[in-house]
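Structure file my_file.txt (compact mmCIF, C-alpha atoms) follows.
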```
# COMPACT_ATOMS: atom_id res chain seq x y z
CA MET A 1 98.26 43.37 73.46
CA ASP A 2 96.19 45.15 76.11
CA THR A 3 92.74 43.79 76.99
CA GLN A 4 90.23 44.44 79.73
CA PRO A 5 86.78 42.93 80.22
CA GLY A 6 83.89 45.08 81.33
CA GLN A 7 80.17 45.01 81.90
CA PRO A 8 77.92 46.69 79.31
CA ALA A 9 76.39 49.86 80.69
CA SER A 10 72.94 49.22 82.18
CA HIS A 11 71.36 52.14 80.33
CA VAL A 12 72.36 50.47 77.06
CA LEU A 13 70.77 47.14 78.00
CA ARG A 14 67.46 48.76 78.93
CA ARG A 15 67.14 50.55 75.62
CA GLY A 16 64.31 49.05 73.60
CA THR A 17 63.82 45.41 72.69
CA MET A 18 67.00 43.53 71.94
CA ALA A 19 67.18 41.09 69.04
CA GLN A 20 67.88 37.38 69.40
CA PRO A 21 71.50 36.63 70.43
CA LYS A 22 73.80 36.29 67.42
CA GLY A 23 77.08 35.52 69.12
CA THR A 24 80.25 37.55 69.36
CA VAL A 25 81.44 40.06 66.79
CA VAL A 26 84.84 41.78 66.88
CA LEU A 27 84.48 45.39 65.75
CA ALA A 28 87.33 47.42 64.27
CA TYR A 29 86.77 50.36 66.60
CA SER A 30 88.20 53.85 66.29
CA GLY A 31 86.17 55.75 68.87
CA GLY A 32 84.82 58.10 66.20
CA LEU A 33 81.25 58.80 65.13
CA ASP A 34 80.70 55.83 62.82
CA THR A 35 82.15 53.01 64.90
CA SER A 36 80.69 54.35 68.15
CA CYS A 37 77.20 54.32 66.64
CA ILE A 38 77.88 50.94 65.01
CA LEU A 39 78.89 49.46 68.36
CA VAL A 40 75.53 50.41 69.91
CA TRP A 41 73.67 49.32 66.77
CA LEU A 42 75.36 45.90 66.81
CA LYS A 43 74.23 45.48 70.41
CA GLU A 44 70.69 46.27 69.29
CA GLN A 45 70.97 43.53 66.65
CA GLY A 46 71.83 40.94 69.30
CA TYR A 47 75.62 40.75 69.06
CA ASP A 48 78.07 40.63 71.93
CA VAL A 49 80.63 43.20 70.82
CA VAL A 50 84.36 42.97 71.36
CA ALA A 51 86.05 46.22 70.35
CA TYR A 52 89.47 46.09 68.69
CA LEU A 53 91.50 49.28 68.50
CA ALA A 54 94.85 49.20 66.71
CA ASN A 55 97.45 51.74 67.73
CA ILE A 56 98.97 52.42 64.33
CA GLY A 57 100.44 55.79 65.17
CA GLN A 58 97.31 57.92 65.42
CA LYS A 59 97.02 60.64 68.04
CA GLU A 60 94.51 59.05 70.37
CA ASP A 61 93.67 58.83 74.05
CA PHE A 62 93.49 55.05 74.10
CA GLU A 63 92.40 54.80 77.72
CA ALA A 64 89.52 57.19 77.05
CA ALA A 65 88.60 55.13 73.96
CA ARG A 66 88.57 51.98 76.10
CA LYS A 67 86.27 53.56 78.67
CA LYS A 68 84.00 54.87 75.95
CA ALA A 69 83.67 51.47 74.27
CA LEU A 70 82.89 49.77 77.57
CA ALA A 71 80.33 52.44 78.45
CA LEU A 72 78.63 51.88 75.10
CA GLY A 73 78.28 48.18 75.80
CA ALA A 74 81.44 46.44 74.57
CA LYS A 75 82.05 43.11 76.31
CA LYS A 76 85.81 43.52 75.99
CA VAL A 77 88.24 46.01 74.51
CA TYR A 78 91.53 45.04 72.91
CA ILE A 79 94.10 47.78 72.29
CA GLU A 80 97.07 46.56 70.29
CA ASP A 81 100.20 48.55 69.43
CA VAL A 82 101.10 47.56 65.87
CA CYS A 83 103.34 50.54 65.04
CA ARG A 84 106.57 48.56 64.71
CA GLU A 85 104.94 45.86 62.59
CA PHE A 86 103.34 48.52 60.41
CA VAL A 87 106.72 50.09 59.64
CA GLU A 88 108.75 46.90 59.20
CA GLU A 89 106.22 44.67 57.46
CA PHE A 90 104.15 47.12 55.42
CA ILE A 91 105.89 50.49 55.01
CA TRP A 92 109.36 49.10 54.31
CA PRO A 93 108.17 46.90 51.40
CA ALA A 94 106.43 49.99 49.98
CA VAL A 95 109.68 51.96 50.27
CA GLN A 96 111.55 49.18 48.48
CA ALA A 97 108.92 49.27 45.74
CA ASN A 98 108.95 53.08 45.41
CA ALA A 99 105.21 52.59 45.71
CA VAL A 100 103.10 55.53 44.60
CA TYR A 101 99.54 55.43 43.27
CA GLU A 102 98.50 57.75 40.45
CA ASP A 103 101.84 59.57 40.70
CA ARG A 104 101.20 61.20 44.10
CA TYR A 105 99.52 59.00 46.70
CA LEU A 106 102.02 57.08 48.86
CA LEU A 107 99.30 54.65 50.01
CA GLY A 108 99.19 55.55 53.70
CA THR A 109 95.63 54.33 54.30
CA ALA A 110 95.87 51.40 51.89
CA LEU A 111 98.97 50.03 53.65
CA ALA A 112 97.45 50.39 57.11
CA ARG A 113 94.24 48.47 56.41
CA PRO A 114 95.73 44.95 56.00
CA CYS A 115 97.82 45.56 59.12
CA ILE A 116 94.73 46.47 61.15
CA ALA A 117 92.62 43.68 59.63
CA ARG A 118 95.28 41.13 60.53
CA GLY A 119 94.99 42.15 64.17
CA LEU A 120 91.20 42.08 63.94
CA VAL A 121 91.24 38.50 62.70
CA GLY A 122 93.74 37.53 65.40
CA VAL A 123 91.38 38.76 68.14
CA ALA A 124 88.39 37.03 66.51
CA GLN A 125 90.29 33.74 66.54
CA LYS A 126 91.35 34.27 70.15
CA GLU A 127 87.79 35.06 71.22
CA GLY A 128 86.24 32.26 69.15
CA ALA A 129 84.15 34.86 67.32
CA ARG A 130 82.58 33.93 63.99
CA HIS A 131 82.01 37.55 62.97
CA VAL A 132 84.05 40.71 62.52
CA ALA A 133 82.68 44.16 61.71
CA HIS A 134 84.01 47.47 60.44
CA GLY A 135 82.80 51.01 59.83
CA ALA A 136 84.01 51.45 56.25
CA THR A 137 81.41 52.95 53.95
CA GLY A 138 79.77 51.03 51.13
CA LYS A 139 81.23 53.43 48.55
CA GLY A 140 84.95 53.42 49.25
CA ASN A 141 87.95 51.12 48.98
CA ASP A 142 88.48 50.48 52.69
CA GLN A 143 85.67 47.93 52.84
CA VAL A 144 87.48 45.91 50.19
CA ARG A 145 90.86 46.22 51.89
CA PHE A 146 89.51 45.11 55.27
CA GLU A 147 87.44 42.24 54.00
CA LEU A 148 89.88 40.74 51.51
CA THR A 149 92.46 40.54 54.29
CA CYS A 150 89.95 38.97 56.68
CA TYR A 151 88.87 36.34 54.16
CA ALA A 152 92.46 35.59 53.12
CA LEU A 153 93.61 35.02 56.70
CA CYS A 154 90.44 33.31 57.96
CA PRO A 155 88.26 31.95 55.12
CA SER A 156 85.46 30.93 57.50
CA ILE A 157 85.02 34.40 59.03
CA LYS A 158 81.78 36.32 58.48
CA VAL A 159 81.95 40.07 57.95
CA VAL A 160 79.25 42.44 59.18
CA ALA A 161 79.46 45.64 57.13
CA PRO A 162 76.66 47.91 58.42
CA TRP A 163 77.10 50.53 55.69
CA ARG A 164 76.08 47.87 53.13
CA LEU A 165 73.04 46.66 55.07
CA PRO A 166 69.74 48.33 54.06
CA GLU A 167 68.46 48.26 57.63
CA PHE A 168 71.46 50.41 58.60
CA TYR A 169 72.06 52.77 55.67
CA GLN A 170 68.35 53.48 55.20
CA ARG A 171 68.14 54.40 58.86
CA PHE A 172 71.28 56.54 58.60
CA PRO A 173 71.34 58.11 55.13
CA GLY A 174 73.76 60.83 56.26
CA ARG A 175 75.99 62.05 59.04
CA ARG A 176 73.20 64.23 60.42
CA GLU A 177 71.17 61.10 61.25
CA LEU A 178 74.23 59.49 62.83
CA MET A 179 74.79 62.50 65.05
CA ASP A 180 71.10 62.52 66.04
CA TYR A 181 71.41 58.82 66.92
CA ALA A 182 74.54 59.52 68.95
CA GLN A 183 72.83 62.33 70.85
CA LYS A 184 69.77 60.18 71.51
CA HIS A 185 71.88 57.31 72.86
CA GLY A 186 74.34 59.39 74.84
CA ILE A 187 77.26 58.63 72.56
CA PRO A 188 79.96 61.31 72.90
CA VAL A 189 81.56 62.13 69.55
CA PRO A 190 84.13 64.78 68.57
CA VAL A 191 82.19 65.71 65.43
CA THR A 192 79.82 68.66 65.06
CA PRO A 193 77.63 69.63 62.10
CA GLN A 194 79.89 72.63 61.49
CA THR A 195 83.07 70.56 61.04
CA PRO A 196 82.05 67.05 59.94
CA TRP A 197 85.51 65.95 58.86
CA SER A 198 86.19 62.27 58.45
CA MET A 199 89.83 61.74 59.35
CA ASP A 200 92.24 58.85 58.89
CA GLU A 201 95.54 59.01 60.72
CA ASN A 202 98.43 56.62 61.10
CA LEU A 203 102.22 56.73 61.26
CA MET A 204 102.48 57.19 57.52
CA HIS A 205 99.92 59.89 56.92
CA ILE A 206 96.79 61.79 57.91
CA SER A 207 93.92 62.56 55.55
CA TYR A 208 90.51 64.18 55.65
CA GLU A 209 87.34 63.88 53.62
CA ALA A 210 83.63 64.87 53.70
CA GLY A 211 81.97 68.21 54.31
CA ILE A 212 83.07 71.04 52.01
CA LEU A 213 85.99 68.86 50.94
CA GLU A 214 83.66 66.83 48.73
CA ASN A 215 83.65 69.74 46.28
CA PRO A 216 87.06 69.46 44.53
CA LYS A 217 86.98 73.19 43.82
CA ASN A 218 87.17 74.10 47.50
CA PRO A 219 90.63 74.49 49.05
CA ALA A 220 91.36 72.65 52.28
CA PRO A 221 91.05 74.90 55.36
CA PRO A 222 94.48 75.67 56.85
CA SER A 223 93.34 74.21 60.18
CA LEU A 224 93.36 70.72 58.65
CA TYR A 225 97.14 70.74 58.37
CA THR A 226 97.94 69.67 61.92
CA LYS A 227 101.05 67.58 61.19
CA THR A 228 102.99 69.92 58.92
CA ARG A 229 103.89 73.58 59.16
CA ASP A 230 103.03 75.92 56.34
CA PRO A 231 106.17 75.86 54.14
CA ALA A 232 105.99 79.66 53.95
CA THR A 233 106.47 79.95 57.72
CA SER A 234 108.76 76.94 58.20
CA PRO A 235 112.39 77.41 59.36
CA ASP A 236 114.75 79.41 57.15
CA THR A 237 117.54 76.89 57.72
CA PRO A 238 117.31 73.40 56.16
CA ASP A 239 117.91 70.13 57.95
CA VAL A 240 120.55 68.10 56.14
CA LEU A 241 120.15 64.36 56.65
CA GLU A 242 122.13 61.28 55.69
CA ILE A 243 120.00 58.16 55.25
CA GLU A 244 121.72 54.79 55.04
CA PHE A 245 120.08 51.89 53.19
CA GLU A 246 120.69 48.14 53.23
CA LYS A 247 118.82 45.94 50.77
CA GLY A 248 116.59 48.91 49.96
CA VAL A 249 115.53 49.45 53.57
CA PRO A 250 116.57 52.49 55.64
CA VAL A 251 118.69 51.38 58.60
CA LYS A 252 120.12 54.65 59.89
CA VAL A 253 119.42 58.37 59.69
CA THR A 254 121.86 61.04 60.80
CA ASN A 255 121.16 64.74 61.13
CA VAL A 256 124.37 66.33 59.86
CA GLY A 257 123.63 69.57 61.70
CA ASP A 258 123.04 68.42 65.27
CA GLY A 259 124.37 64.85 65.15
CA THR A 260 121.07 63.15 65.97
CA VAL A 261 121.13 59.46 64.99
CA ARG A 262 118.21 57.03 64.75
CA ARG A 263 118.58 53.35 63.89
CA SER A 264 115.52 51.30 64.86
CA ALA A 265 112.79 51.19 62.22
CA LEU A 266 110.09 52.85 64.30
CA GLU A 267 112.30 55.56 65.81
CA LEU A 268 113.84 56.31 62.42
CA PHE A 269 110.47 56.70 60.78
CA MET A 270 109.05 58.85 63.56
CA TYR A 271 112.11 61.10 63.49
CA LEU A 272 111.73 61.65 59.75
CA ASN A 273 108.06 62.49 60.39
CA ASP A 274 109.15 65.19 62.82
CA ILE A 275 111.75 66.69 60.47
CA ALA A 276 109.40 66.65 57.49
CA GLY A 277 106.53 68.17 59.48
CA LYS A 278 108.82 70.92 60.72
CA HIS A 279 109.59 71.92 57.12
CA GLY A 280 106.11 71.42 55.63
CA VAL A 281 107.06 68.38 53.56
CA GLY A 282 104.46 65.87 52.34
CA ARG A 283 101.30 67.94 51.75
CA ILE A 284 99.10 67.01 48.81
CA ASP A 285 95.49 67.67 47.79
CA ILE A 286 94.18 64.98 45.49
CA VAL A 287 90.87 63.76 44.10
CA GLU A 288 90.89 60.16 45.32
CA ASN A 289 87.55 59.78 47.05
CA ARG A 290 88.32 63.49 47.63
CA PHE A 291 91.05 62.82 50.17
CA VAL A 292 92.29 66.25 51.17
CA GLY A 293 95.11 67.54 53.29
CA MET A 294 96.87 64.24 52.85
CA LYS A 295 100.31 64.30 54.41
CA SER A 296 102.94 61.60 54.12
CA ARG A 297 105.96 63.15 55.79
CA ALA A 298 108.59 60.47 56.38
CA GLY A 299 107.21 58.61 53.38
CA THR A 300 107.98 61.56 51.12
CA ILE A 301 111.59 61.81 52.34
CA LEU A 302 112.18 58.07 52.00
CA TYR A 303 110.57 57.95 48.57
CA HIS A 304 113.06 60.47 47.20
CA ALA A 305 116.04 58.98 49.02
CA HIS A 306 115.33 55.40 47.98
CA LEU A 307 114.64 56.40 44.39
CA ASP A 308 118.08 58.01 44.26
CA ILE A 309 120.10 55.18 45.81
CA GLU A 310 118.27 52.61 43.71
CA ALA A 311 119.10 54.38 40.46
CA PHE A 312 122.73 54.57 41.63
CA THR A 313 123.07 50.84 42.35
CA MET A 314 120.64 48.95 40.10
CA ASP A 315 121.25 47.77 36.56
CA ARG A 316 119.30 49.84 34.04
CA GLU A 317 117.40 46.94 32.45
CA VAL A 318 116.58 45.38 35.82
CA ARG A 319 115.28 48.75 36.96
CA LYS A 320 112.97 49.03 33.95
CA ILE A 321 111.38 45.71 34.90
CA LYS A 322 111.25 46.70 38.56
CA GLN A 323 109.46 49.95 37.71
CA GLY A 324 106.69 47.91 36.09
CA LEU A 325 106.49 45.71 39.20
CA SER A 326 106.25 48.84 41.36
CA LEU A 327 103.24 50.09 39.44
CA LYS A 328 101.53 46.72 39.87
CA PHE A 329 102.49 46.62 43.56
CA SER A 330 100.88 50.04 44.12
CA GLU A 331 97.73 48.97 42.27
CA LEU A 332 97.41 45.77 44.31
CA VAL A 333 97.92 47.59 47.62
CA TYR A 334 95.42 50.29 46.69
CA ASN A 335 92.81 47.71 45.71
CA GLY A 336 93.22 45.59 48.84
CA PHE A 337 95.18 42.61 47.52
CA TRP A 338 98.05 42.66 50.02
CA HIS A 339 97.49 39.02 50.96
CA SER A 340 96.90 37.76 47.42
CA PRO A 341 99.27 35.24 45.79
CA GLU A 342 100.25 37.84 43.21
CA GLY A 343 100.92 40.34 46.00
CA GLU A 344 103.22 37.90 47.79
CA PHE A 345 104.98 37.11 44.51
CA LEU A 346 105.54 40.80 43.75
CA ARG A 347 106.96 41.52 47.20
CA HIS A 348 109.36 38.59 46.78
CA CYS A 349 110.49 39.83 43.36
CA ILE A 350 110.94 43.40 44.57
CA ALA A 351 112.87 42.28 47.65
CA ARG A 352 115.17 40.25 45.39
CA SER A 353 115.80 43.35 43.26
CA GLN A 354 116.96 45.22 46.38
CA GLN A 355 119.90 42.98 47.29
CA ALA A 356 122.48 45.51 46.06
CA VAL A 357 120.52 48.66 46.93
CA ALA A 358 122.84 49.83 49.68
CA GLY A 359 124.55 53.08 50.50
CA THR A 360 123.97 56.55 51.92
CA VAL A 361 121.97 59.44 50.51
CA ARG A 362 122.53 62.99 51.68
CA LEU A 363 119.54 65.30 51.32
CA SER A 364 118.13 68.62 52.39
CA VAL A 365 114.64 69.11 53.89
CA PHE A 366 113.57 72.71 53.45
CA LYS A 367 110.33 74.66 52.99
CA GLY A 368 108.19 71.87 51.60
CA HIS A 369 110.91 70.30 49.45
CA VAL A 370 113.30 67.35 49.63
CA SER A 371 116.49 67.95 47.63
CA ILE A 372 119.11 65.29 47.00
CA LEU A 373 122.63 66.57 47.70
CA GLY A 374 124.73 63.46 47.07
CA ARG A 375 125.07 59.72 47.45
CA ALA A 376 127.69 57.01 48.02
CA SER A 377 127.50 53.25 47.78
CA PRO A 378 129.85 50.25 47.84
CA CYS A 379 127.53 48.70 45.23
CA SER A 380 127.51 51.66 42.85
CA LEU A 381 127.42 50.95 39.12
CA TYR A 382 128.82 54.42 38.48
CA ASN A 383 132.25 54.40 36.79
CA GLU A 384 133.87 57.81 37.06
CA GLU A 385 136.53 57.04 34.47
CA LEU A 386 133.94 55.81 31.99
CA VAL A 387 131.91 59.02 32.08
CA SER A 388 134.78 61.48 32.56
CA MET A 389 135.47 63.99 29.80
CA ASN A 390 139.13 63.92 30.83
CA VAL A 391 139.84 60.21 31.12
CA GLN A 392 139.11 57.79 28.27
CA GLY A 393 138.88 54.73 30.50
CA ASP A 394 137.91 51.33 29.09
CA TYR A 395 135.94 52.80 26.21
CA GLU A 396 136.61 53.59 22.56
CA PRO A 397 134.68 56.68 21.38
CA ALA A 398 134.84 55.39 17.80
CA ASP A 399 132.57 52.50 18.84
CA ALA A 400 129.68 54.97 19.11
CA THR A 401 129.72 55.42 15.32
CA GLY A 402 128.57 51.86 14.66
CA PHE A 403 125.93 52.09 17.38
CA ILE A 404 124.49 55.25 15.86
CA ASN A 405 124.58 53.84 12.33
CA ILE A 406 122.73 50.68 13.30
CA ASN A 407 120.03 52.57 15.21
CA SER A 408 119.60 55.11 12.44
CA LEU A 409 118.79 52.47 9.82
CA ARG A 410 115.23 52.05 11.05
CA LEU A 411 114.67 55.82 11.21
CA LYS A 412 116.09 56.38 7.74
CA GLU A 413 113.91 53.66 6.24
CA TYR A 414 110.79 54.92 8.00
CA HIS A 415 111.20 58.48 6.75
CA ARG A 416 112.15 57.27 3.25
CA LEU A 417 108.86 55.40 3.01
CA GLN A 418 106.95 58.36 4.47
CA SER A 419 108.43 60.62 1.82
CA LYS A 420 107.30 58.21 -0.94
CA VAL A 421 103.76 58.12 0.48
CA THR A 422 103.61 61.91 0.74
CA ALA A 423 104.87 62.35 -2.82
CA LYS A 424 102.31 59.87 -4.12
CA GLN A 425 99.47 61.65 -2.34
CA ALA A 426 100.60 64.97 -3.83
CA GLU A 427 100.32 63.65 -7.44
```

Turn the structure described in the file into structure tokens.
Amino acid sequence: MDTQPGQPASHVLRRGTMAQPKGTVVLAYSGGLDTSCILVWLKEQGYDVVAYLANIGQKEDFEAARKKALALGAKKVYIEDVCREFVEEFIWPAVQANAVYEDRYLLGTALARPCIARGLVGVAQKEGARHVAHGATGKGNDQVRFELTCYALCPSIKVVAPWRLPEFYQRFPGRRELMDYAQKHGIPVPVTPQTPWSMDENLMHISYEAGILENPKNPAPPSLYTKTRDPATSPDTPDVLEIEFEKGVPVKVTNVGDGTVRRSALELFMYLNDIAGKHGVGRIDIVENRFVGMKSRAGTILYHAHLDIEAFTMDREVRKIKQGLSLKFSELVYNGFWHSPEGEFLRHCIARSQQAVAGTVRLSVFKGHVSILGRASPCSLYNEELVSMNVQGDYEPADATGFININSLRLKEYHRLQSKVTAKQAE
């Protein structure tokens, strides 16, 4: 973890009448419009502000963000690289679960929030701070995800959520007022009235909302897609990859074409991000708080690969149960219950289901699509002799007659009764 103390800028201290001291608050700081204004506002309310910035894979000039926070009056700035933990402790369980919310969303933001909040609480405990703060709006899910994690890990913590405080949201009813405030207080922000995108970026995805995107009829401007190429202009030659799994977790990726190999969790995931982005894989446009231009590149590849190797190695009835657990897992993550007892129980159950999910999946990444080409596993439940049309194997075809007869009894009886009811109604 990287930390550096600094003196609040003098022009900030001379601005108006400061409120009575309220102690130290650790702010989840991004350097964007909202948290930059919130930092100055918290100072006005009498807080000593410690800024916490998690490096979770976003494209960011962290040194510039540090200088900006200190210039705005932060007492200290913590910058913590949590990329490896994010992949190993949050993304990998989601891969094991085949986690997907409402059939399309791979939970990039929802998985990142408990990881960031855990770091936020850790800094608060280190600093002896009784308060933490965040810039999540009072309308969305992020406020829930942040705060449930904070309360689970530190029950005594107090959360300052400016977007739920009347004295804040009445003063700043829209982004225009925030930008006026920023201009008035000398807060540099990368947002202009012409392009007021709110962006969330991490290793797993990038998404945008606000502005014209709030109308679900409007298509996302092409300029928003900064992490993936347009599939129409992507390379005309696919990348063929082999992804090896152990206990449902990817442990090795090999590019069959050029021989590139990646083994460590973080390097493997970042490499898949690069390959997927190159071929335009992972783009979706969904109405989920009108998240638009959402891209989960490596997540999309791993979702398809894991789904395939799991079906190849897992008992059918176990998999039916596990599919139900996966839906519940996705719901809990989306709603902010990562650190709940039921969340811990589900992760344990899903991890247990993955003991035999091992093997290698070969796939093609090409023009926006991931196509499975083949798979192999020492734990495969596939019996070539049993399914072969040429080899009888340990199976008697005549046995199917009894199976069909037994299962047809219910159908025969149902339709017999339906025929009697229909005939009676016709009389």

_For a test of reading the model, state the distance in Å between CA of Met314 in chain A and CA of Val357 in chain A, rounded to one decimal._
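Interatomic distance, CA of Met314 in chain A to CA of Val357 in chain A: 6.8 Å.
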
Using all atoms listed in the file, the best pick from A:Ser207, A:Ser264, A:Thr254, A:Ser377 as closest to Arg84 in chain A would be A:Ser264

Which residue of A:Val287, A:Cys154, A:Ile187, A:Ala276 approaches Asn218 in chain A most closely, using all atoms listed in the file: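 Checking each of A:Val287, A:Cys154, A:Ile187, A:Ala276 against Asn218 in chain A, counting all atoms listed in the file, the winner is A:Val287.
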
### Query
Which residues come within 12 Å of Gly324 in chain A, counting all atoms listed in the file, excluding same-chain residues fewer than 6 positions away, as a list in words?
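Near Gly324 in chain A, the qualifying residues are Ala97, Asn98, Ala99, Val100, Glu317, Val318, Ser330, Glu331, Leu346, Cys349 and Ile350 of chain A.
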
Would you pick out the contacts of Ile301 in chain A at 8 Å or less, using only C-alpha atoms, so that residues sharing its chain but fewer than 3 positions from it are not included, and give the list as number ranges by chain? A: 272, 276, 297-298, 304-305, 370

Using only C-alpha atoms, the residue out of A:Asp200, A:Glu177, A:Glu63, A:Glu89 with shortest distance to Thr109 in chain A is A:Asp200

(request) Would you kindly return, as a VMD selection string, each protein, DNA or RNA residue with an atom no farther than 9 Å from any atom of Leu111 in chain A, considering only C-alpha atoms and excluding same-chain residues fewer than 5 positions away? (result) chain A and resid 86 90 to 91 94 204 333 to 334 336 338

Next, write the just-selected residues to a file, as an mmCIF file, in the frame of the given file, keeping C-alpha atoms as the atom set.
```cif
data_model
loop_
_atom_site.group_PDB
_atom_site.id
_atom_site.type_symbol
_atom_site.label_atom_id
_atom_site.label_comp_id
_atom_site.auth_asym_id
_atom_site.auth_seq_id
_atom_site.Cartn_x
_atom_site.Cartn_y
_atom_site.Cartn_z
ATOM 1 C CA PHE A 86 103.340 48.520 60.410
ATOM 2 C CA PHE A 90 104.150 47.120 55.420
ATOM 3 C CA ILE A 91 105.890 50.490 55.010
ATOM 4 C CA ALA A 94 106.430 49.990 49.980
ATOM 5 C CA MET A 204 102.480 57.190 57.520
ATOM 6 C CA VAL A 333 97.920 47.590 47.620
ATOM 7 C CA TYR A 334 95.420 50.290 46.690
ATOM 8 C CA GLY A 336 93.220 45.590 48.840
ATOM 9 C CA TRP A 338 98.050 42.660 50.020
#
```

Query raised in the report: So how many Å separate CA of Asp308 in chain A and CA of Arg283 in chain A, to one decimal?
Result: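 For CA of Asp308 in chain A relative to CA of Arg283 in chain A, the distance reads 20.9 Å.
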
One decimal place gives the CA of Thr149 in chain A-CA of Gly343 in chain A separation as 11.8 Å

Is it possible to get the residues within 9 Å of (80.2, 43.3, 52.9) (coordinates as in the file, counting only C-alpha atoms) written as a PyMOL selection string? chain A and resi 138+143-144+147+159-165
